[in-house]
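Okay, so here's the structure we're looking at.
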Amino acid sequence: MRPAHLSLLLVITAFTVSPPAAAETSPEDWGKYRQAAMEVMKGHISAISLVAFGKVDDTGYLQNHADGLAAAAAELGAIFPPGSGEGTGSLDSIWSEPEKFAAAVKEAQDSAAALQSAVASGERGAIAGAFRGAGGSCKGCHEDFRAEE
Amino acid sequence: MARASLWLCALSLLSATAIAQETPVQRGAYLVQAGGCITCHTADESGATPLAGGRALETPFGTFYSPNITPDQETGIGAWSDDEFVRAFWEGVGPGGRYYFPSFPYTSYTGLLREDLLAMRAYLASLEPIRKPNREHDLPWYLNSRLAAAAWQLLNFDPGRFQGDPDRKDAWNRGAYLVRHLGHCGECHTPRGRLGDMLLDLEMAGTNAGPSGKPVPNITPHADGIGDWDRDELLLLLEIGMEPDGDFVGGSMAEVIDDNTSLLTPGDREAMAIYLESLPGLASPAAPVNEP
């Protein structure tokens, strides 16, 4: 099959099987989706911390966890569309202070990338330091943008 | 009693040795952090001057505004004497016999040692004076008088210095001092009665309605609290705010970690953990009890 035909087929497939557009997604479902995305990050973070602070030896997959965390963090800017916050534990400040929120998202992504690099270096001290940095961005974001439960 | 005094002397000697290199101002700076003063006495807006007051504490009893504690002579505490400063913490009474509401946690600070308070005062006096008048509290009419604060104290306040337990190790005693008095953890983590009095039978057992109406977790070693946490997990929470499942705290605890516990020495964080682990494990109380 010629590449152009393949592209056309992919476009048609995407349109025919794609789920309803985000405009129809309720805040409740956005909340569930964000919760799921955060759970993914929590799992990676917890696993990385156990290795970073010497509780568990690297199984050989620590890099996967760091990569997974960075991949999950990459999505942060895309899962808080306007109007998706009501009743979800997201504070209005996400949308009323968009520049501040964007900066917090960027910090999360940058610190996750730094953790990826530290893990790649294999130095435990560097990993623990980068982990603290990533954790600081998690805490900072929750401080400013997550409702107290 | 004699034994306790002897022990306290030993403690003073120990701390005096440990801090021999520090000036009172440096020691006071550390204690002001460990006392959580900065969080409440700094307005909650970007660029706010630290310790110049103006932060709102919204409670079921009304909104309290923290005062300016920089050494400005008129709007801060620059004109206070040492004894006036100490009395504010020990007795909940300011200069001129002005009774404080327990939004200023003298209920916990009453246990502080005089030498620590004077070091804190020395540090505060070393700061630049900021001229910023205090904002009046916004309270319902029946509380809008210092007489109400005096009546509250009569009913609910039990003043007294920290008495160490000579049968416990130094770290446990240090932890008790940091958790119960200087760090005043119980002001949020202990449920309150109808009058806003801390229910000490449920000390640190958490509440569905903390000072600002939000739930505050149980931090006793019970399945409802930190019973499943190990020492390192507690230390990581105090240092960087991570919970064992990989979540990170936000809200007011994130501020406590930023301004206070992350800045403590590892030894002091460990002392806090040792003390918390030693508490009786208490189930979380079922319902909020502090409706006024």
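Labels for the structure tokens follow display order: chains A, B, ..., residues from 1 in each chain, ligands from 1.
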Contact residues (chain B, partner chain A, 8 Å, only C-alpha atoms) as a VMD selection string: chain B and resid 214 to 215 240 to 242 244 to 252 254 to 255
Spatial neighbours of stretch 137-140 of chain B, 12 Å, only C-alpha atoms, chain gap at least 2 places, as a VMD selection string: chain B and resid 54 to 67 100 to 101 103 134 to 135 142 to 146 148 to 149 292
So that I have them on file, write out the residues from the current selection with C-alpha atoms, as a short mmCIF file (atom, residue, chain, number, x, y, z; two decimals), in the first residue's frame.
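And here is the file that came out, selection06.cif:
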```
data_model
loop_
_atom_site.label_atom_id
_atom_site.label_comp_id
_atom_site.auth_asym_id
_atom_site.auth_seq_id
_atom_site.Cartn_x
_atom_site.Cartn_y
_atom_site.Cartn_z
CA GLY B 54 -2.46 39.66 57.61
CA ARG B 55 -3.19 36.02 56.86
CA ALA B 56 -6.82 35.03 57.23
CA LEU B 57 -7.68 31.93 59.25
CA GLU B 58 -11.28 31.08 58.46
CA THR B 59 -12.76 29.00 61.26
CA PRO B 60 -16.26 27.93 62.32
CA PHE B 61 -16.00 30.72 64.92
CA GLY B 62 -15.18 33.52 62.51
CA THR B 63 -12.20 34.81 60.56
CA PHE B 64 -9.02 35.64 62.41
CA TYR B 65 -6.26 37.78 60.92
CA SER B 66 -2.71 37.15 62.09
CA PRO B 67 -0.85 40.16 63.48
CA TYR B 100 -5.73 36.24 72.91
CA PHE B 101 -8.13 34.02 71.08
CA SER B 103 -6.23 31.11 66.96
CA ASN B 134 -3.10 44.75 62.11
CA ARG B 135 -6.48 43.89 60.71
CA TYR B 142 -20.90 37.23 70.94
CA LEU B 143 -17.18 36.63 70.40
CA ASN B 144 -16.28 40.14 69.38
CA SER B 145 -14.72 41.08 72.67
CA ARG B 146 -11.53 40.22 74.49
CA ALA B 148 -14.93 36.31 75.29
CA ALA B 149 -11.29 35.31 74.87
CA PRO B 292 -20.19 26.15 67.50
#
```
Among chain A, which ones does DSSP place in helix (DSSP H, G or I), written as a PyMOL selection string? chain A and resi 3-17+22-24+27-52+62-74+76-78+93-96+98-121+124-145
